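Here the structure is laid out as structure tokens; the discussion comes afterwards.
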8 protein chains.
Amino acid sequence: MDETDLEILKVISDMGTDSPSDIHEATGIPESTIYYRLNNLRERGIIKNDLYDLDLEKLGLGITIIVEVVAEYKEGYHKKIGERLSEIEGVSQVHFTMGERDFVVIAHIPNREEVERLISDFEAIEEVQRTQSKYTITTIKNEPRILSTYSLDTLQANINGSTDSDGSERDDT
Amino acid sequence: MDETDLEILKVISDMGTDSPSDIHEATGIPESTIYYRLNNLRERGIIKNDLYDLDLEKLGLGITIIVEVVAEYKEGYHKKIGERLSEIEGVSQVHFTMGERDFVVIAHIPNREEVERLISDFEAIEEVQRTQSKYTITTIKNEPRILSTYSLDTLQANINGSTDSDGSERDDT
Amino acid sequence: MDETDLEILKVISDMGTDSPSDIHEATGIPESTIYYRLNNLRERGIIKNDLYDLDLEKLGLGITIIVEVVAEYKEGYHKKIGERLSEIEGVSQVHFTMGERDFVVIAHIPNREEVERLISDFEAIEEVQRTQSKYTITTIKNEPRILSTYSLDTLQANINGSTDSDGSERDDT
Amino acid sequence: MDETDLEILKVISDMGTDSPSDIHEATGIPESTIYYRLNNLRERGIIKNDLYDLDLEKLGLGITIIVEVVAEYKEGYHKKIGERLSEIEGVSQVHFTMGERDFVVIAHIPNREEVERLISDFEAIEEVQRTQSKYTITTIKNEPRILSTYSLDTLQANINGSTDSDGSERDDT
Amino acid sequence: MDETDLEILKVISDMGTDSPSDIHEATGIPESTIYYRLNNLRERGIIKNDLYDLDLEKLGLGITIIVEVVAEYKEGYHKKIGERLSEIEGVSQVHFTMGERDFVVIAHIPNREEVERLISDFEAIEEVQRTQSKYTITTIKNEPRILSTYSLDTLQANINGSTDSDGSERDDT
Amino acid sequence: MDETDLEILKVISDMGTDSPSDIHEATGIPESTIYYRLNNLRERGIIKNDLYDLDLEKLGLGITIIVEVVAEYKEGYHKKIGERLSEIEGVSQVHFTMGERDFVVIAHIPNREEVERLISDFEAIEEVQRTQSKYTITTIKNEPRILSTYSLDTLQANINGSTDSDGSERDDT
Amino acid sequence: MDETDLEILKVISDMGTDSPSDIHEATGIPESTIYYRLNNLRERGIIKNDLYDLDLEKLGLGITIIVEVVAEYKEGYHKKIGERLSEIEGVSQVHFTMGERDFVVIAHIPNREEVERLISDFEAIEEVQRTQSKYTITTIKNEPRILSTYSLDTLQANINGSTDSDGSERDDT
Amino acid sequence: MDETDLEILKVISDMGTDSPSDIHEATGIPESTIYYRLNNLRERGIIKNDLYDLDLEKLGLGITIIVEVVAEYKEGYHKKIGERLSEIEGVSQVHFTMGERDFVVIAHIPNREEVERLISDFEAIEEVQRTQSKYTITTIKNEPRILSTYSLDTLQANINGSTDSDGSERDDT
């Protein structure tokens, strides 16, 4: 992935558009190049899906619940349980983390009754021992366009430097 | 928003496509209706942006950090601090929650050095008193297409029933 | 429930009386209307019981204990356990909550010996794993007349606005 | 307070009625005695108010929030802060407790927007340092008629034995 | 127990002596009364044992360990476990408490090796699930003569008022 | 301190007596030796005081409160604050400990009202930031005669081995 | 660093020797190569110091204390405080970590009195707000020769694969 | 171990050398004495191994993870589990500690993938119930040469005073 690819993806994220002519206007990159590059990014799996950024409040999914999960501690279980958590209706994120609890799960639900349903779905997973759920009073930011959270400079510096990202020294000569 | 709107949005989310012909194929809804409805949803603000679902690992933003933030407790501060947290590079989600800590923040960063930068950015917000950050060992699910986490049935039931979503009784006669 | 109903209930709560003549005096609403309305509220289940507000200290039930309960995590158990907690002598409130522990229980007991009895009653519920009980040093407020904690304005605003209480948009046309 | 007083109050609590004829029917105590006793209990302050037991869900106050409050630790402050907490709209109980946090506060609110208002009201009390609020998924019991949580036998035993309630021995001879 | 009894016990505690002549000197109470009263207090079980206040450091038991114990939660277990904890060598106090852990245990041990032995003794009690032990850096006060921690005035006020110590009102007439 | 000293102190602790004839009977050590040894132990400060073991319940001091204290963290403060904690009426033990909180304090108080007074006394110490107090439901053991918690064998082994109590090796040759 | 370097360092770590002839015997690598490679590793800073692995118990530093430190949260402070923590006598490790507390510090001290000194040294750093120290009952492993904790295979696999250690993709063509 | 021994070990630790001529230069102690003393220290087990202080970052082991482990609580298990923890690849320290969790474990790993492997290795130990792992953002100090963390004065004072290190009094005459 070179700087042109990155510039295109960044503009898409910043402007919230996937129209090549808009991208051309913002970057000066010829439209044909943009088409070619987007195709190429899609083939390499960097672009995975087209999607719209929907307004969750207006869709009636305005309640966000963050659940921390403690599961039974057995060999290989964190993968199995992670997948079962992923299948619960309304769950959009499942992170297996370091720290006091095993998983951080984020769900979007329509109303109060669904809180009880959601908790019951966690209860129904046998290996789940404890959940601690947090009710989100208000979501100040929820940006699916991750690239827009960075400046182009940081992104470019990061690409160039990413090979030594663990601080380990390579013997380049 | 009626059931046709919902069906269209659901297919977009499930298939990861915004192509009207693909949507038509999956639903049987005429393409012209699809065009009309999408325009209408955009005008009403339900569709906010076009975007691509990008592979964060491949973009070199593969490390996810979840930070819980305790901030100084003063009148009106949670909004102000929420916005300052939102401006930190790499931060894509900021939730103001009930519970022991005030904010749950999610950030995506490229490498280990950035952990230190990120923590320093939190330190630099004067009202932030404590952070507790969790390193994500592996992200099992991160689905920006929230509608795909529900069945169409649940979504439809929810739209119809959403007016009494707080369980409060209305005097309909 | 209209504003007249609300006004009557509010005065009852504020004044701690159920005498129609007192209510009439405070509101100017004709006594016959008050009788009619109270009957109607009772039939619709909004008024559930008549009761007196008793002085717990003078009744020798002056010690308040707040118990947080962690129960075994199995499907459907929170209802079953919630009911068993409700049957313990002295327990007047059982809330199933989000957070680190499952239930918040409030009990009123007469003396120190009863603390031990109360804890033993929790121990006797097989699915209860842990309790954390707090001894109330002093109760600053314990108001069974919930309506008196609100101004009439807030209550009225709330009735009118209650249909969109989840922030979900309805298609009114 | 003798056993007749107690029997009357117990029946009122169990049946949810304050009608002397209902009480007479249930206990066999002559109505005139009941009138006399109720008056007397009122004069001695044991009966404080008449009130109705209202259905909070139907009144649109169906969300219960339990807030634990940590306040600045200064001499005499717990009384002052306890009173300020009592004045927040929606707050019906304020307990000053032993344990990790200073106060347990219970509030009833109509909808999600009010959660944010409630938290802001706590933020506005200068001495409040931290709050931890729990969203009640469902309230299994909320019984304002405390006497109904005891059997008559336990209540009577308690009255007779209440004088040595601290386990301290009195020199009765 | 009257004020003379209390005065005698208080002087014994304050001066660290059990010599009737010393007590007489400090209080003016005739020695024969002191003898009689002490005998009487012993017969009524208020004085349980004679003992010396020993210097634990000099006895080579200078390390104090405070252990909080969480035990398996079963009916009636807290008594059984409490007694087993009491039998561990070095354990001088076992309190069954409200709060996050069940027991607070205090032990005095001679050296570092004994810490390991002590923990092993807790491990050997089957029902003990978790212990959290605190190493005492320095003990600032350890006063077995409890009465000396009060002024005589407070003690006397307390005796007179002790009958209504739970705040419950008795019907004395 | 040799084994004879230890044997005498052990018998005093086990039997709860300080009578030389009782000690003689239990040990066979001549009474004159016992007198001499006790005097000597007193002179060396191993015996600090004579005292009686009093029944706290019967003295009306039956409520035990365990308070964990967090104090402001400044150089040298833990000594100063430790002493101020020691002066609070009812406080008999103050331990400065490793762990999450700075001090463990034990107090004995007569009744519920005193809990509030006790907490207020902690509040009044400026450097105290937080207290967490635990109400003791029942005290299973409270043995001021520490030696009785050990067997004589363990005590003797300990005296002989106490010089290398830190596991550090000494160069004895 | 190639596999020969790694093999040499691994043998040094496993055998606890720095003698080239011993290394030669274990690996078959000519002594002259070993000399050359060791010199080279030293010049590149991979070998930093010669040192002996000393028995801390025998040196009278047998007590290990692990201290978690919470420091005042200000911009850039974690570096400054980290260095001040490093200067405390007995402190050998200072880690700045993610999680509830800022630093994990490990110290080795000779005796009980030094615990108090150590805590006082932490108290003396103005920005330190809280410490939580843990007394190590016994250290089961303390291996300064980190390479000996890995098999040679793992180490070699790691060297070869270390360039993509963050999972970020490089454009190698 | 006398002061000459200590001086030699201190210089070795401070200078990071084991060369007798360097030690001679720094201390003035004749080289032959140094040889003799080092041999003697080795025979008495105070010097256990020769080793080099390696740069972990440059070796590609730059990520430090601190893991707190809670294990099943059974008699004698802490030793058995301690040893199994010690065998996990990458683990260099295992401390069995007082406090809320049983073990503090320190591991050095090469990259992010290894975090998951490490956690899986803990999961695979049957008796391990919970782990809480902390990612080290940056290690400010990691000094294997423990003696260099003390001044020579403190070390010497400590040797002389180490025999009464528990504060217990010995009967020296």
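Each chain in the structure tokens gets a letter, A, B and so on, in the order shown; residues start at 1 in every chain, and ligands are counted from 1 in the order they appear.
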So which residues of chain E fall under helix (DSSP H, G or I) by DSSP, listed as a VMD selection string?
-> chain E and resid 3 to 15 20 to 27 31 to 43 77 to 86 112 to 123 146 to 149 152 to 164
Which polymer residues have any atom within 7 Å of an atom of Pro110 in chain A, counting only C-alpha atoms, with same-chain residues fewer than 5 positions away left out, as a ChimeraX atom specification?
-> /A:60-63
Define the interface residues of chain F facing chain C as those within 9 Å, counting only C-alpha atoms, and report them as a list in words.
-> Ile63, Arg112, Glu113, Val115, Glu116, Lys134, Tyr135, Ile137 and Thr138 of chain F
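You will find CA of Asp102 in chain B at 21.0 Å from CA of Val91 in chain D.
The spacing separating CA of His95 in chain F from CA of Asp5 in chain F amounts to 28.4 Å.
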Using only C-alpha atoms, which residues sit within 12 Å of range 30-40 of chain H once same-chain residues fewer than 2 positions away are excluded, as a ChimeraX atom specification?
-> /G:52,54 /H:1-9,11-12,18-28,42-50
Restricting it to C-alpha atoms, dump the selection as a compact mmCIF listing (two decimals), in the first residue's frame.
# COMPACT_ATOMS: atom_id res chain seq x y z
CA TYR G 52 27.08 -12.56 38.70
CA LEU G 54 23.87 -13.56 43.51
CA MET H 1 30.45 -12.65 54.68
CA ASP H 2 32.61 -9.78 55.80
CA GLU H 3 33.01 -6.23 54.52
CA THR H 4 35.68 -7.15 52.00
CA ASP H 5 33.38 -9.69 50.38
CA LEU H 6 30.65 -7.12 50.28
CA GLU H 7 32.90 -4.46 48.81
CA ILE H 8 33.94 -6.79 46.00
CA LEU H 9 30.37 -7.79 45.15
CA VAL H 11 31.94 -3.08 42.79
CA ILE H 12 31.08 -5.94 40.46
CA ASP H 18 33.82 -9.43 36.70
CA SER H 19 37.42 -8.67 35.84
CA PRO H 20 39.65 -8.95 38.96
CA SER H 21 41.98 -6.27 37.67
CA ASP H 22 39.13 -3.82 37.27
CA ILE H 23 37.93 -4.69 40.76
CA HIS H 24 41.43 -4.21 42.13
CA GLU H 25 41.68 -0.82 40.50
CA ALA H 26 38.40 0.32 41.99
CA THR H 27 38.99 -1.02 45.51
CA GLY H 28 42.72 -1.38 46.10
CA ARG H 42 31.09 -19.26 44.77
CA GLU H 43 31.67 -22.26 47.02
CA ARG H 44 29.32 -20.89 49.68
CA GLY H 45 26.66 -20.40 47.01
CA ILE H 46 26.47 -16.63 47.28
CA ILE H 47 27.66 -16.33 43.70
CA LYS H 48 25.46 -18.72 41.79
CA ASN H 49 26.15 -18.08 38.09
CA ASP H 50 28.12 -15.97 35.68
Determine which residues of range 36-77 of chain H receive a DSSP assignment of strand (DSSP E), computed from the backbone, and state them as a PDB file with N, CA, C and O atoms, in the first residue's frame.
ATOM      1  N   ILE H  47      27.637 -16.498  45.161  1.00  0.00           N
ATOM      2  CA  ILE H  47      27.659 -16.329  43.701  1.00  0.00           C
ATOM      3  C   ILE H  47      27.136 -17.623  43.092  1.00  0.00           C
ATOM      4  O   ILE H  47      27.677 -18.712  43.359  1.00  0.00           O
ATOM      5  N   LYS H  48      26.063 -17.503  42.327  1.00  0.00           N
ATOM      6  CA  LYS H  48      25.460 -18.722  41.786  1.00  0.00           C
ATOM      7  C   LYS H  48      25.844 -18.959  40.325  1.00  0.00           C
ATOM      8  O   LYS H  48      26.076 -20.069  39.904  1.00  0.00           O
ATOM      9  N   ASN H  49      25.881 -17.925  39.523  1.00  0.00           N
ATOM     10  CA  ASN H  49      26.150 -18.084  38.095  1.00  0.00           C
ATOM     11  C   ASN H  49      26.924 -16.884  37.567  1.00  0.00           C
ATOM     12  O   ASN H  49      26.891 -15.810  38.161  1.00  0.00           O
ATOM     13  N   ASP H  50      27.612 -17.108  36.449  1.00  0.00           N
ATOM     14  CA  ASP H  50      28.116 -15.974  35.681  1.00  0.00           C
ATOM     15  C   ASP H  50      27.044 -15.634  34.684  1.00  0.00           C
ATOM     16  O   ASP H  50      26.408 -16.520  34.126  1.00  0.00           O
ATOM     17  N   LEU H  51      26.880 -14.405  34.436  1.00  0.00           N
ATOM     18  CA  LEU H  51      25.919 -14.095  33.394  1.00  0.00           C
ATOM     19  C   LEU H  51      26.182 -12.721  32.820  1.00  0.00           C
ATOM     20  O   LEU H  51      26.926 -11.917  33.375  1.00  0.00           O
ATOM     21  N   TYR H  52      25.586 -12.506  31.664  1.00  0.00           N
ATOM     22  CA  TYR H  52      25.683 -11.203  31.022  1.00  0.00           C
ATOM     23  C   TYR H  52      24.340 -10.510  31.164  1.00  0.00           C
ATOM     24  O   TYR H  52      23.297 -11.154  31.210  1.00  0.00           O
ATOM     25  N   ASP H  53      24.389  -9.238  31.219  1.00  0.00           N
ATOM     26  CA  ASP H  53      23.185  -8.422  31.229  1.00  0.00           C
ATOM     27  C   ASP H  53      22.880  -8.073  29.768  1.00  0.00           C
ATOM     28  O   ASP H  53      23.603  -7.305  29.145  1.00  0.00           O
ATOM     29  N   LEU H  54      21.823  -8.680  29.239  1.00  0.00           N
ATOM     30  CA  LEU H  54      21.541  -8.539  27.810  1.00  0.00           C
ATOM     31  C   LEU H  54      20.469  -7.470  27.560  1.00  0.00           C
ATOM     32  O   LEU H  54      19.609  -7.223  28.410  1.00  0.00           O
ATOM     33  N   ILE H  63       8.766  -6.814  24.912  1.00  0.00           N
ATOM     34  CA  ILE H  63       7.466  -6.611  25.564  1.00  0.00           C
ATOM     35  C   ILE H  63       7.453  -7.311  26.913  1.00  0.00           C
ATOM     36  O   ILE H  63       7.695  -8.512  27.006  1.00  0.00           O
ATOM     37  N   THR H  64       7.214  -6.534  27.954  1.00  0.00           N
ATOM     38  CA  THR H  64       7.138  -7.107  29.293  1.00  0.00           C
ATOM     39  C   THR H  64       5.673  -7.184  29.723  1.00  0.00           C
ATOM     40  O   THR H  64       4.930  -6.211  29.596  1.00  0.00           O
ATOM     41  N   ILE H  65       5.283  -8.342  30.198  1.00  0.00           N
ATOM     42  CA  ILE H  65       3.909  -8.556  30.661  1.00  0.00           C
ATOM     43  C   ILE H  65       3.962  -8.949  32.134  1.00  0.00           C
ATOM     44  O   ILE H  65       4.755  -9.808  32.522  1.00  0.00           O
ATOM     45  N   ILE H  66       3.138  -8.287  32.939  1.00  0.00           N
ATOM     46  CA  ILE H  66       3.051  -8.644  34.360  1.00  0.00           C
ATOM     47  C   ILE H  66       1.684  -9.291  34.583  1.00  0.00           C
ATOM     48  O   ILE H  66       0.655  -8.680  34.296  1.00  0.00           O
ATOM     49  N   VAL H  67       1.691 -10.516  35.055  1.00  0.00           N
ATOM     50  CA  VAL H  67       0.443 -11.263  35.187  1.00  0.00           C
ATOM     51  C   VAL H  67       0.187 -11.572  36.661  1.00  0.00           C
ATOM     52  O   VAL H  67       1.061 -12.111  37.346  1.00  0.00           O
ATOM     53  N   GLU H  68      -0.988 -11.192  37.146  1.00  0.00           N
ATOM     54  CA  GLU H  68      -1.393 -11.620  38.481  1.00  0.00           C
ATOM     55  C   GLU H  68      -2.310 -12.823  38.333  1.00  0.00           C
ATOM     56  O   GLU H  68      -3.218 -12.817  37.510  1.00  0.00           O
ATOM     57  N   VAL H  69      -2.054 -13.839  39.119  1.00  0.00           N
ATOM     58  CA  VAL H  69      -2.740 -15.116  38.947  1.00  0.00           C
ATOM     59  C   VAL H  69      -3.514 -15.477  40.214  1.00  0.00           C
ATOM     60  O   VAL H  69      -2.976 -15.393  41.319  1.00  0.00           O
ATOM     61  N   VAL H  70      -4.756 -15.869  40.042  1.00  0.00           N
ATOM     62  CA  VAL H  70      -5.546 -16.446  41.125  1.00  0.00           C
ATOM     63  C   VAL H  70      -5.689 -17.930  40.829  1.00  0.00           C
ATOM     64  O   VAL H  70      -6.128 -18.299  39.747  1.00  0.00           O
ATOM     65  N   ALA H  71      -5.305 -18.754  41.785  1.00  0.00           N
ATOM     66  CA  ALA H  71      -5.374 -20.194  41.550  1.00  0.00           C
ATOM     67  C   ALA H  71      -6.338 -20.847  42.524  1.00  0.00           C
ATOM     68  O   ALA H  71      -6.693 -20.276  43.551  1.00  0.00           O
TER      69      ALA H  71
END
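Closest approach to Leu155 in chain G among H:Glu127, H:Val105, H:Tyr77, H:Gly90 is made by H:Gly90 (distances from only C-alpha atoms).
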Could you name the residues that touch Ser120 in chain G at 8 Å or less, counting only C-alpha atoms, but leaving out those on the same chain fewer than 4 positions away, as a list in words?
-> Glu75 and Gly76 of chain F; Glu116 and Ala124 of chain G
One decimal, Å: what's the distance from CA of Thr154 in chain C over to CA of Lys74 in chain B, could you say?
->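 Separation between CA of Thr154 in chain C and CA of Lys74 in chain B: 24.3 Å.
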Find the spatial neighbours of Glu89 in chain E, counting only C-alpha atoms, within a cut-off of 10 Å - ignore same-chain residues fewer than 4 positions away - and output them as a list in words.
->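 So, after excluding close chain neighbours, the residues are Leu85, Ala107, His108, Ile109, Arg117, Leu118 and Asp121 of chain E; Ile146, Leu147, Ser148, Thr149, Tyr150, Ser151 and Thr154 of chain F.
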Selection file, N, CA, C and O atoms, as a PDB file, in the first residue's frame:
ATOM      1  N   LEU E  85     -11.163 -21.413  61.794  1.00  0.00           N
ATOM      2  CA  LEU E  85     -10.185 -20.329  61.706  1.00  0.00           C
ATOM      3  C   LEU E  85      -9.591 -20.033  63.083  1.00  0.00           C
ATOM      4  O   LEU E  85      -8.404 -19.736  63.215  1.00  0.00           O
ATOM      5  N   ALA E 107      -3.637 -12.377  63.339  1.00  0.00           N
ATOM      6  CA  ALA E 107      -2.690 -13.362  63.855  1.00  0.00           C
ATOM      7  C   ALA E 107      -1.371 -12.680  64.193  1.00  0.00           C
ATOM      8  O   ALA E 107      -1.009 -11.674  63.591  1.00  0.00           O
ATOM      9  N   HIS E 108      -0.680 -13.233  65.185  1.00  0.00           N
ATOM     10  CA  HIS E 108       0.655 -12.737  65.552  1.00  0.00           C
ATOM     11  C   HIS E 108       1.644 -13.858  65.323  1.00  0.00           C
ATOM     12  O   HIS E 108       1.462 -14.966  65.846  1.00  0.00           O
ATOM     13  N   ILE E 109       2.680 -13.574  64.560  1.00  0.00           N
ATOM     14  CA  ILE E 109       3.618 -14.646  64.231  1.00  0.00           C
ATOM     15  C   ILE E 109       5.042 -14.170  64.438  1.00  0.00           C
ATOM     16  O   ILE E 109       5.323 -12.965  64.472  1.00  0.00           O
ATOM     17  N   ARG E 117       3.609 -20.667  56.639  1.00  0.00           N
ATOM     18  CA  ARG E 117       2.891 -21.691  57.404  1.00  0.00           C
ATOM     19  C   ARG E 117       1.443 -21.242  57.642  1.00  0.00           C
ATOM     20  O   ARG E 117       0.490 -22.013  57.474  1.00  0.00           O
ATOM     21  N   LEU E 118       1.265 -19.967  58.033  1.00  0.00           N
ATOM     22  CA  LEU E 118      -0.061 -19.447  58.330  1.00  0.00           C
ATOM     23  C   LEU E 118      -0.968 -19.553  57.105  1.00  0.00           C
ATOM     24  O   LEU E 118      -2.096 -20.052  57.191  1.00  0.00           O
ATOM     25  N   ASP E 121      -2.053 -22.966  56.488  1.00  0.00           N
ATOM     26  CA  ASP E 121      -3.122 -23.401  57.400  1.00  0.00           C
ATOM     27  C   ASP E 121      -4.484 -22.930  56.915  1.00  0.00           C
ATOM     28  O   ASP E 121      -5.487 -23.633  57.066  1.00  0.00           O
TER      29      ASP E 121
ATOM     30  N   ILE F 146      -2.422 -13.817  73.887  1.00  0.00           N
ATOM     31  CA  ILE F 146      -1.867 -14.294  72.617  1.00  0.00           C
ATOM     32  C   ILE F 146      -1.121 -15.620  72.784  1.00  0.00           C
ATOM     33  O   ILE F 146      -1.223 -16.508  71.943  1.00  0.00           O
ATOM     34  N   LEU F 147      -0.384 -15.767  73.881  1.00  0.00           N
ATOM     35  CA  LEU F 147       0.403 -16.993  74.034  1.00  0.00           C
ATOM     36  C   LEU F 147      -0.462 -18.238  74.017  1.00  0.00           C
ATOM     37  O   LEU F 147      -0.013 -19.311  73.615  1.00  0.00           O
ATOM     38  N   SER F 148      -1.706 -18.103  74.445  1.00  0.00           N
ATOM     39  CA  SER F 148      -2.571 -19.290  74.471  1.00  0.00           C
ATOM     40  C   SER F 148      -2.946 -19.750  73.070  1.00  0.00           C
ATOM     41  O   SER F 148      -3.513 -20.824  72.904  1.00  0.00           O
ATOM     42  N   THR F 149      -2.624 -18.962  72.054  1.00  0.00           N
ATOM     43  CA  THR F 149      -2.931 -19.393  70.687  1.00  0.00           C
ATOM     44  C   THR F 149      -1.834 -20.296  70.115  1.00  0.00           C
ATOM     45  O   THR F 149      -1.950 -20.776  69.006  1.00  0.00           O
ATOM     46  N   TYR F 150      -0.757 -20.460  70.878  1.00  0.00           N
ATOM     47  CA  TYR F 150       0.332 -21.333  70.429  1.00  0.00           C
ATOM     48  C   TYR F 150       0.512 -22.504  71.386  1.00  0.00           C
ATOM     49  O   TYR F 150       0.235 -22.386  72.579  1.00  0.00           O
ATOM     50  N   SER F 151       1.023 -23.598  70.855  1.00  0.00           N
ATOM     51  CA  SER F 151       1.451 -24.677  71.740  1.00  0.00           C
ATOM     52  C   SER F 151       2.799 -24.276  72.337  1.00  0.00           C
ATOM     53  O   SER F 151       3.543 -23.468  71.765  1.00  0.00           O
ATOM     54  N   THR F 154       5.763 -24.983  69.944  1.00  0.00           N
ATOM     55  CA  THR F 154       6.010 -23.986  68.901  1.00  0.00           C
ATOM     56  C   THR F 154       6.719 -22.769  69.485  1.00  0.00           C
ATOM     57  O   THR F 154       7.656 -22.239  68.887  1.00  0.00           O
TER      58      THR F 154
END
